[in-house]
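Reading through the structure tokens given below for one structure.
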Amino acid sequence: MSTSAKMMRAFLVRQFGGIDQMKLERVPVPTVGDKQVLIKVYSSGVNPVDTYVRSGQYKVLPDLPYIPGKDAAGVVHSVGASVTKFKRGDRVFSSQTNRMGTLAEYACVDEPNVFPLARSLSFYEGAAIGIPYFTAYRALIHKALAKGGERVLIHGASGAVGIAATQIAKKLGLYVVGTAGSKEGIELVLRTGADEVVNHRDPKYIDKLSVGEKFDIILEMLSNVNLGHDLNLMNSGARTIVIGCRGPVNIHPRDLMTTEGSIIGCALYAASHDEIQETGSALVRGIREGWVRPAIDMVYGFELAREAHSAVVQTRGSKGKHVIEVQKEP
Ligand code: NAP
């Protein structure tokens, strides 16, 4: 079905740069392709990667102009002729690993990147699943090969990926030690199910972690600050997964010799079709069972999308996920 004559509100980036390069414009509603789903977007998730792309600093950049936003939740407006899993009116969430376009009233998403959203979650929560949960699952299951009973340090547990990782790790039966940078963040991570939480703004927290039992897995959200310390917190054969990094870091490679530990990179955009489908199925099951439940830090009105882009990379004292309400449910 073609809807190209209809217009919609969307943020457009015509030139890479600061937040002022995001302009609210009226553009045609995209035409749904053969294997695509056109989602009426109620909520769009904001991820740090959206800001790296917008500023032109990401490895893979879209052609200009483009609409920012990879994650969304809403209802199916129309489907392409070859789509089999969805129909008009279905509640869905989506995560596009290699494309953008959810900061708009309608977004076209390839069918394999669309998943059913149970009524137990709001559209805000649906928009908070995509990149954070797919990344946390990839880090724990596909990269760290986590097993029940192992000890994991989630270094940056109060953010969107950290909350997702805490829920997945607890479901797997791991012992979770998380870090957060504020009282509210610590309380949230404990409520989310972590066994222990320490404050990464306490100057002595690494010393405190060093005297306790070490870790089989470390999920690292800020490698440029922490990687050198992480190597001394690893058990024999441990895996440190680099999820977030905002600059270079010095490490002492000899620290890896004593444990025969590994440092492993994690990039969601490198996930295969099968890995995305496996992850999506596990998360949909998790929503149904109730253990996938995103924490929402802040909801922004559509016109405040620029503020959301600033906040997602500047916030101290994270409490989960930043989402944008694109339009209200009728
Ligand atoms: P977020 O919601 O902004 O969370 C950032 C987290 O880092 C918060 O828990 C924050 O805690 C914590 N943090 C701040 N200073 C820290 C420190 N010194 N040591 C440890 N943690 C610290 O961001 P997100 O969406 O969870 O993403 C986290 C990182 O992963 C970002 O760098 C993002 O770009 C990256 N990422 C990578 C992939 C991938 O495919 N590799 C995918 C998604 C995200 P407080 O605010 O409480 O201090």
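By order of appearance in the structure tokens: chains A, B, ..., then residues from 1 within every chain, and ligands from 1 in the order shown.
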
Would you tabulate, counting only C-alpha atoms and all ligand atoms, all residues of chain A that have an atom at most 8 Å from an atom of ligand 1, showing the closest pair of atoms and their distance in Å to one decimal, sorted by chain then ascending number, as JSON lines?
```
{"residue": "A:Asn47", "atom": "CA", "partner": "ligand 1", "partner_atom_place_in_ligand_line": "25 (O)", "distance": 5.3}
{"residue": "A:Pro48", "atom": "CA", "partner": "ligand 1", "partner_atom_place_in_ligand_line": "34 (O)", "distance": 4.7}
{"residue": "A:Val49", "atom": "CA", "partner": "ligand 1", "partner_atom_place_in_ligand_line": "34 (O)", "distance": 5.4}
{"residue": "A:Ile131", "atom": "CA", "partner": "ligand 1", "partner_atom_place_in_ligand_line": "43 (C)", "distance": 5.7}
{"residue": "A:Pro132", "atom": "CA", "partner": "ligand 1", "partner_atom_place_in_ligand_line": "43 (C)", "distance": 5.6}
{"residue": "A:Thr135", "atom": "CA", "partner": "ligand 1", "partner_atom_place_in_ligand_line": "42 (C)", "distance": 5.1}
{"residue": "A:Ala136", "atom": "CA", "partner": "ligand 1", "partner_atom_place_in_ligand_line": "42 (C)", "distance": 7.9}
{"residue": "A:His155", "atom": "CA", "partner": "ligand 1", "partner_atom_place_in_ligand_line": "20 (C)", "distance": 4.7}
{"residue": "A:Gly156", "atom": "CA", "partner": "ligand 1", "partner_atom_place_in_ligand_line": "21 (N)", "distance": 3.5}
{"residue": "A:Ala157", "atom": "CA", "partner": "ligand 1", "partner_atom_place_in_ligand_line": "9 (O)", "distance": 4.7}
{"residue": "A:Ser158", "atom": "CA", "partner": "ligand 1", "partner_atom_place_in_ligand_line": "9 (O)", "distance": 3.7}
{"residue": "A:Gly159", "atom": "CA", "partner": "ligand 1", "partner_atom_place_in_ligand_line": "4 (O)", "distance": 3.3}
{"residue": "A:Ala160", "atom": "CA", "partner": "ligand 1", "partner_atom_place_in_ligand_line": "26 (O)", "distance": 3.8}
{"residue": "A:Val161", "atom": "CA", "partner": "ligand 1", "partner_atom_place_in_ligand_line": "26 (O)", "distance": 3.7}
{"residue": "A:Gly162", "atom": "CA", "partner": "ligand 1", "partner_atom_place_in_ligand_line": "26 (O)", "distance": 5.5}
{"residue": "A:Ile163", "atom": "CA", "partner": "ligand 1", "partner_atom_place_in_ligand_line": "26 (O)", "distance": 7.7}
{"residue": "A:Thr179", "atom": "CA", "partner": "ligand 1", "partner_atom_place_in_ligand_line": "20 (C)", "distance": 6.5}
{"residue": "A:Ala180", "atom": "CA", "partner": "ligand 1", "partner_atom_place_in_ligand_line": "47 (O)", "distance": 4.1}
{"residue": "A:Gly181", "atom": "CA", "partner": "ligand 1", "partner_atom_place_in_ligand_line": "48 (O)", "distance": 3.5}
{"residue": "A:Ser182", "atom": "CA", "partner": "ligand 1", "partner_atom_place_in_ligand_line": "47 (O)", "distance": 5.3}
{"residue": "A:Gly185", "atom": "CA", "partner": "ligand 1", "partner_atom_place_in_ligand_line": "47 (O)", "distance": 5.4}
{"residue": "A:Ile186", "atom": "CA", "partner": "ligand 1", "partner_atom_place_in_ligand_line": "47 (O)", "distance": 7.7}
{"residue": "A:His200", "atom": "CA", "partner": "ligand 1", "partner_atom_place_in_ligand_line": "19 (N)", "distance": 5.5}
{"residue": "A:Arg201", "atom": "CA", "partner": "ligand 1", "partner_atom_place_in_ligand_line": "18 (N)", "distance": 6.8}
{"residue": "A:Glu220", "atom": "CA", "partner": "ligand 1", "partner_atom_place_in_ligand_line": "20 (C)", "distance": 7.1}
{"residue": "A:Met221", "atom": "CA", "partner": "ligand 1", "partner_atom_place_in_ligand_line": "29 (C)", "distance": 4.5}
{"residue": "A:Leu222", "atom": "CA", "partner": "ligand 1", "partner_atom_place_in_ligand_line": "20 (C)", "distance": 5.4}
{"residue": "A:Val225", "atom": "CA", "partner": "ligand 1", "partner_atom_place_in_ligand_line": "18 (N)", "distance": 6.1}
{"residue": "A:Asn226", "atom": "CA", "partner": "ligand 1", "partner_atom_place_in_ligand_line": "19 (N)", "distance": 6.3}
{"residue": "A:Val242", "atom": "CA", "partner": "ligand 1", "partner_atom_place_in_ligand_line": "41 (N)", "distance": 6.9}
{"residue": "A:Ile243", "atom": "CA", "partner": "ligand 1", "partner_atom_place_in_ligand_line": "41 (N)", "distance": 4.1}
{"residue": "A:Gly244", "atom": "CA", "partner": "ligand 1", "partner_atom_place_in_ligand_line": "30 (O)", "distance": 3.7}
{"residue": "A:Cys245", "atom": "CA", "partner": "ligand 1", "partner_atom_place_in_ligand_line": "32 (O)", "distance": 5.5}
{"residue": "A:Arg246", "atom": "CA", "partner": "ligand 1", "partner_atom_place_in_ligand_line": "32 (O)", "distance": 6.7}
{"residue": "A:Gly265", "atom": "CA", "partner": "ligand 1", "partner_atom_place_in_ligand_line": "41 (N)", "distance": 7.4}
{"residue": "A:Cys266", "atom": "CA", "partner": "ligand 1", "partner_atom_place_in_ligand_line": "41 (N)", "distance": 4.8}
{"residue": "A:Ala267", "atom": "CA", "partner": "ligand 1", "partner_atom_place_in_ligand_line": "40 (O)", "distance": 3.5}
{"residue": "A:Leu268", "atom": "CA", "partner": "ligand 1", "partner_atom_place_in_ligand_line": "40 (O)", "distance": 3.8}
{"residue": "A:Tyr269", "atom": "CA", "partner": "ligand 1", "partner_atom_place_in_ligand_line": "40 (O)", "distance": 6.3}
{"residue": "A:Val312", "atom": "CA", "partner": "ligand 1", "partner_atom_place_in_ligand_line": "3 (O)", "distance": 5.3}
{"residue": "A:Val313", "atom": "CA", "partner": "ligand 1", "partner_atom_place_in_ligand_line": "3 (O)", "distance": 5.7}
{"residue": "A:Gln314", "atom": "CA", "partner": "ligand 1", "partner_atom_place_in_ligand_line": "3 (O)", "distance": 7.5}
{"residue": "A:Thr315", "atom": "CA", "partner": "ligand 1", "partner_atom_place_in_ligand_line": "46 (O)", "distance": 5.8}
{"residue": "A:Arg316", "atom": "CA", "partner": "ligand 1", "partner_atom_place_in_ligand_line": "46 (O)", "distance": 3.8}
{"residue": "A:Gly317", "atom": "CA", "partner": "ligand 1", "partner_atom_place_in_ligand_line": "46 (O)", "distance": 3.8}
{"residue": "A:Ser318", "atom": "CA", "partner": "ligand 1", "partner_atom_place_in_ligand_line": "46 (O)", "distance": 3.7}
{"residue": "A:Lys319", "atom": "CA", "partner": "ligand 1", "partner_atom_place_in_ligand_line": "47 (O)", "distance": 6.9}
{"residue": "A:Gly320", "atom": "CA", "partner": "ligand 1", "partner_atom_place_in_ligand_line": "2 (O)", "distance": 5.7}
{"residue": "A:Lys321", "atom": "CA", "partner": "ligand 1", "partner_atom_place_in_ligand_line": "2 (O)", "distance": 5.7}
{"residue": "A:His322", "atom": "CA", "partner": "ligand 1", "partner_atom_place_in_ligand_line": "2 (O)", "distance": 7.6}
```

Spatial neighbours of range 167-170 of chain A, max dist 10 Å, only C-alpha atoms, sep filter under 2 positions, as number ranges by chain: A: 133, 136-137, 140-141, 146-152, 154, 162-165, 172-176, 189, 192-195, 282-283, 286, 291-294

Write down as a VMD selection string the residues belonging to range 14-98 of chain A that are assigned helix (DSSP H, G or I) by DSSP computed on the backbone. chain A and resid 19 to 21 48 to 54

Based on the selection just made, write all heavy atoms of those residues as an mmCIF file, in the first residue's frame.
```cif
data_model
loop_
_atom_site.group_PDB
_atom_site.id
_atom_site.type_symbol
_atom_site.label_atom_id
_atom_site.label_comp_id
_atom_site.auth_asym_id
_atom_site.auth_seq_id
_atom_site.Cartn_x
_atom_site.Cartn_y
_atom_site.Cartn_z
ATOM 1 N N ILE A 19 23.552 19.517 17.970
ATOM 2 C CA ILE A 19 22.111 19.229 18.053
ATOM 3 C C ILE A 19 21.282 20.192 17.210
ATOM 4 O O ILE A 19 20.187 19.866 16.782
ATOM 5 C CB ILE A 19 21.594 19.239 19.514
ATOM 6 C CG1 ILE A 19 22.002 20.529 20.234
ATOM 7 C CG2 ILE A 19 22.046 18.024 20.266
ATOM 8 C CD1 ILE A 19 21.318 20.701 21.575
ATOM 9 N N ASP A 20 21.824 21.396 16.950
ATOM 10 C CA ASP A 20 21.048 22.361 16.147
ATOM 11 C C ASP A 20 20.931 21.927 14.684
ATOM 12 O O ASP A 20 20.177 22.523 13.917
ATOM 13 C CB ASP A 20 21.631 23.768 16.267
ATOM 14 C CG ASP A 20 23.127 23.793 16.071
ATOM 15 O OD1 ASP A 20 23.721 22.693 16.044
ATOM 16 O OD2 ASP A 20 23.692 24.886 15.939
ATOM 17 N N GLN A 21 21.654 20.880 14.312
ATOM 18 C CA GLN A 21 21.504 20.342 12.944
ATOM 19 C C GLN A 21 20.244 19.471 12.819
ATOM 20 O O GLN A 21 19.881 19.064 11.719
ATOM 21 C CB GLN A 21 22.728 19.506 12.533
ATOM 22 C CG GLN A 21 24.013 20.301 12.436
ATOM 23 C CD GLN A 21 23.935 21.427 11.419
ATOM 24 O OE1 GLN A 21 23.136 21.388 10.483
ATOM 25 N NE2 GLN A 21 24.746 22.461 11.604
ATOM 26 N N PRO A 48 23.175 6.621 22.782
ATOM 27 C CA PRO A 48 24.400 7.391 22.519
ATOM 28 C C PRO A 48 24.814 7.329 21.044
ATOM 29 O O PRO A 48 25.263 8.332 20.478
ATOM 30 C CB PRO A 48 25.431 6.716 23.430
ATOM 31 C CG PRO A 48 24.630 6.206 24.586
ATOM 32 C CD PRO A 48 23.323 5.752 23.986
ATOM 33 N N VAL A 49 24.607 6.177 20.377
ATOM 34 C CA VAL A 49 25.037 6.053 18.973
ATOM 35 C C VAL A 49 24.331 7.075 18.082
ATOM 36 O O VAL A 49 24.901 7.544 17.089
ATOM 37 C CB VAL A 49 24.818 4.605 18.458
ATOM 38 C CG1 VAL A 49 23.338 4.250 18.356
ATOM 39 C CG2 VAL A 49 25.489 4.393 17.105
ATOM 40 N N ASP A 50 23.089 7.459 18.428
ATOM 41 C CA ASP A 50 22.383 8.459 17.608
ATOM 42 C C ASP A 50 23.165 9.774 17.576
ATOM 43 O O ASP A 50 23.158 10.484 16.571
ATOM 44 C CB ASP A 50 20.980 8.724 18.176
ATOM 45 C CG ASP A 50 20.110 7.477 18.166
ATOM 46 O OD1 ASP A 50 20.281 6.635 17.265
ATOM 47 O OD2 ASP A 50 19.262 7.341 19.062
ATOM 48 N N THR A 51 23.821 10.082 18.693
ATOM 49 C CA THR A 51 24.574 11.347 18.752
ATOM 50 C C THR A 51 25.917 11.209 18.023
ATOM 51 O O THR A 51 26.388 12.163 17.428
ATOM 52 C CB THR A 51 24.815 11.794 20.209
ATOM 53 O OG1 THR A 51 25.774 10.940 20.815
ATOM 54 C CG2 THR A 51 23.526 11.755 21.013
ATOM 55 N N TYR A 52 26.521 10.004 18.095
ATOM 56 C CA TYR A 52 27.788 9.814 17.369
ATOM 57 C C TYR A 52 27.529 9.952 15.862
ATOM 58 O O TYR A 52 28.322 10.536 15.126
ATOM 59 C CB TYR A 52 28.416 8.435 17.620
ATOM 60 C CG TYR A 52 28.519 7.984 19.071
ATOM 61 C CD1 TYR A 52 28.502 6.626 19.388
ATOM 62 C CD2 TYR A 52 28.641 8.887 20.125
ATOM 63 C CE1 TYR A 52 28.597 6.177 20.700
ATOM 64 C CE2 TYR A 52 28.740 8.447 21.445
ATOM 65 C CZ TYR A 52 28.710 7.097 21.720
ATOM 66 O OH TYR A 52 28.800 6.652 23.023
ATOM 67 N N VAL A 53 26.399 9.382 15.393
ATOM 68 C CA VAL A 53 26.062 9.464 13.961
ATOM 69 C C VAL A 53 25.768 10.915 13.591
ATOM 70 O O VAL A 53 26.312 11.447 12.625
ATOM 71 C CB VAL A 53 24.848 8.561 13.630
ATOM 72 C CG1 VAL A 53 24.404 8.770 12.175
ATOM 73 C CG2 VAL A 53 25.181 7.096 13.865
ATOM 74 N N ARG A 54 24.905 11.567 14.394
ATOM 75 C CA ARG A 54 24.503 12.946 14.066
ATOM 76 C C ARG A 54 25.718 13.874 13.978
ATOM 77 O O ARG A 54 25.786 14.766 13.120
ATOM 78 C CB ARG A 54 23.537 13.472 15.139
ATOM 79 C CG ARG A 54 22.877 14.784 14.779
ATOM 80 C CD ARG A 54 22.590 15.600 16.020
ATOM 81 N NE ARG A 54 23.794 15.949 16.713
ATOM 82 C CZ ARG A 54 24.089 15.651 17.987
ATOM 83 N NH1 ARG A 54 23.225 15.027 18.744
ATOM 84 N NH2 ARG A 54 25.243 16.001 18.529
#
```

Mind giving me the straight-line distance from CA of Val326 in chain A to CA of Val114 in chain A in Å, one decimal?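 Those two atoms sit 18.1 Å apart.
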
For Asp90 in chain A, which residue out of A:Pro116, A:Gly178, A:Gly290, A:Gly237 is the nearest one, using only C-alpha atoms?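 Closest candidate: A:Pro116.
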
As a check of understanding: the span from CA of Ala118 in chain A to CA of Ala73 in chain A is 11.1 Å

Near-Asn113 in chain A list (10 Å; only C-alpha atoms; drop same-chain fewer than 6 positions) as a VMD selection string: chain A and resid 36 to 37 71 93 to 97 130 273 276 to 277 280

Quick one: write out the picked residues with all heavy atoms as a compact mmCIF listing (two decimals), in the first residue's frame?
```
# COMPACT_ATOMS: atom_id res chain seq x y z
N GLN A 36 8.76 -4.79 4.25
CA GLN A 36 8.87 -3.81 5.33
C GLN A 36 7.54 -3.59 6.05
O GLN A 36 6.47 -3.86 5.51
CB GLN A 36 9.35 -2.48 4.78
CG GLN A 36 10.81 -2.52 4.35
CD GLN A 36 11.29 -1.15 3.94
OE1 GLN A 36 10.57 -0.39 3.29
NE2 GLN A 36 12.52 -0.83 4.32
N VAL A 37 7.68 -3.05 7.26
CA VAL A 37 6.52 -2.70 8.07
C VAL A 37 6.57 -1.19 8.30
O VAL A 37 7.62 -0.65 8.66
CB VAL A 37 6.61 -3.44 9.43
CG1 VAL A 37 5.48 -3.01 10.35
CG2 VAL A 37 6.59 -4.95 9.22
N ASP A 71 15.59 3.05 17.32
CA ASP A 71 14.61 2.24 18.07
C ASP A 71 13.25 2.93 18.09
O ASP A 71 13.18 4.17 18.14
CB ASP A 71 15.08 2.06 19.52
CG ASP A 71 16.38 1.27 19.62
OD1 ASP A 71 16.74 0.60 18.64
OD2 ASP A 71 17.01 1.32 20.69
N PHE A 93 7.62 -3.29 18.71
CA PHE A 93 8.82 -2.47 18.93
C PHE A 93 9.82 -2.87 17.85
O PHE A 93 9.71 -3.95 17.25
CB PHE A 93 9.41 -2.66 20.34
CG PHE A 93 10.06 -3.99 20.61
CD1 PHE A 93 11.43 -4.17 20.42
CD2 PHE A 93 9.32 -5.08 21.06
CE1 PHE A 93 12.04 -5.39 20.69
CE2 PHE A 93 9.92 -6.31 21.32
CZ PHE A 93 11.28 -6.46 21.14
N SER A 94 10.75 -1.97 17.58
CA SER A 94 11.71 -2.27 16.52
C SER A 94 13.08 -1.79 16.92
O SER A 94 13.24 -0.90 17.75
CB SER A 94 11.30 -1.58 15.22
OG SER A 94 11.47 -0.20 15.35
N SER A 95 14.08 -2.44 16.31
CA SER A 95 15.46 -1.98 16.48
C SER A 95 16.18 -2.22 15.16
O SER A 95 16.23 -3.34 14.67
CB SER A 95 16.14 -2.76 17.60
OG SER A 95 17.43 -2.22 17.80
N GLN A 96 16.69 -1.16 14.59
CA GLN A 96 17.38 -1.28 13.31
C GLN A 96 18.87 -1.15 13.57
O GLN A 96 19.31 -0.09 14.00
CB GLN A 96 16.94 -0.18 12.37
CG GLN A 96 15.44 -0.01 12.31
CD GLN A 96 15.03 1.06 11.35
OE1 GLN A 96 14.75 0.79 10.20
NE2 GLN A 96 15.04 2.29 11.81
N THR A 97 19.62 -2.19 13.31
CA THR A 97 21.04 -2.12 13.61
C THR A 97 21.79 -1.27 12.59
O THR A 97 22.73 -0.58 12.92
CB THR A 97 21.65 -3.53 13.66
OG1 THR A 97 21.20 -4.24 12.51
CG2 THR A 97 21.23 -4.26 14.89
N GLY A 130 15.11 -1.98 22.17
CA GLY A 130 16.02 -2.14 21.03
C GLY A 130 17.51 -2.24 21.34
O GLY A 130 17.98 -3.28 21.81
N HIS A 273 21.91 -11.91 11.01
CA HIS A 273 20.45 -12.02 10.97
C HIS A 273 19.98 -13.05 12.01
O HIS A 273 19.04 -12.79 12.77
CB HIS A 273 20.03 -12.45 9.55
CG HIS A 273 18.59 -12.83 9.45
ND1 HIS A 273 17.59 -11.92 9.15
CD2 HIS A 273 17.96 -14.02 9.62
CE1 HIS A 273 16.42 -12.54 9.14
NE2 HIS A 273 16.62 -13.81 9.42
N ILE A 276 20.23 -11.80 15.58
CA ILE A 276 19.17 -10.82 15.89
C ILE A 276 17.85 -11.54 16.14
O ILE A 276 17.10 -11.22 17.08
CB ILE A 276 19.03 -9.79 14.74
CG1 ILE A 276 20.30 -8.91 14.65
CG2 ILE A 276 17.77 -8.92 14.91
CD1 ILE A 276 20.48 -7.92 15.77
N GLN A 277 17.55 -12.55 15.30
CA GLN A 277 16.28 -13.27 15.48
C GLN A 277 16.27 -14.03 16.80
O GLN A 277 15.27 -14.05 17.52
CB GLN A 277 16.04 -14.24 14.30
CG GLN A 277 15.83 -13.54 12.97
CD GLN A 277 14.92 -12.32 13.06
OE1 GLN A 277 13.76 -12.43 13.41
NE2 GLN A 277 15.45 -11.13 12.79
N GLY A 280 15.85 -11.46 19.54
CA GLY A 280 14.47 -10.95 19.55
C GLY A 280 13.53 -11.96 20.19
O GLY A 280 12.68 -11.59 21.02
```

Which of A:Arg138, A:Arg14, A:Lys183, A:Arg99 sits closest to Asn199 in chain A [using only C-alpha atoms]: A:Lys183

DSSP on the backbone, strand (DSSP E) only: what residues of range 80-162 of chain A does that give? Format it as JSON, numbers by chain. {"A": [91, 92, 93, 94, 95, 106, 107, 108, 109, 110, 114, 115, 116, 151, 152, 153, 154, 155]}

Would you save the residues from that selection as a short mmCIF file (atom, residue, chain, number, x, y, z; two decimals), in the first residue's frame, using C-alpha atoms?
```
data_model
loop_
_atom_site.label_atom_id
_atom_site.label_comp_id
_atom_site.auth_asym_id
_atom_site.auth_seq_id
_atom_site.Cartn_x
_atom_site.Cartn_y
_atom_site.Cartn_z
CA ARG A 91 1.60 -3.29 18.80
CA VAL A 92 5.33 -3.59 17.99
CA PHE A 93 8.82 -2.47 18.93
CA SER A 94 11.71 -2.27 16.52
CA SER A 95 15.46 -1.98 16.48
CA TYR A 106 6.04 6.98 10.76
CA ALA A 107 9.06 4.72 10.25
CA CYS A 108 9.67 1.99 7.69
CA VAL A 109 11.44 -1.00 9.24
CA ASP A 110 12.52 -4.31 7.67
CA VAL A 114 10.17 -5.73 14.10
CA PHE A 115 8.93 -7.63 17.18
CA PRO A 116 5.56 -7.91 18.93
CA ARG A 151 30.20 -13.69 38.65
CA VAL A 152 29.72 -10.64 36.43
CA LEU A 153 30.76 -7.04 37.06
CA ILE A 154 28.52 -4.64 35.12
CA HIS A 155 30.66 -1.51 35.04
#
```
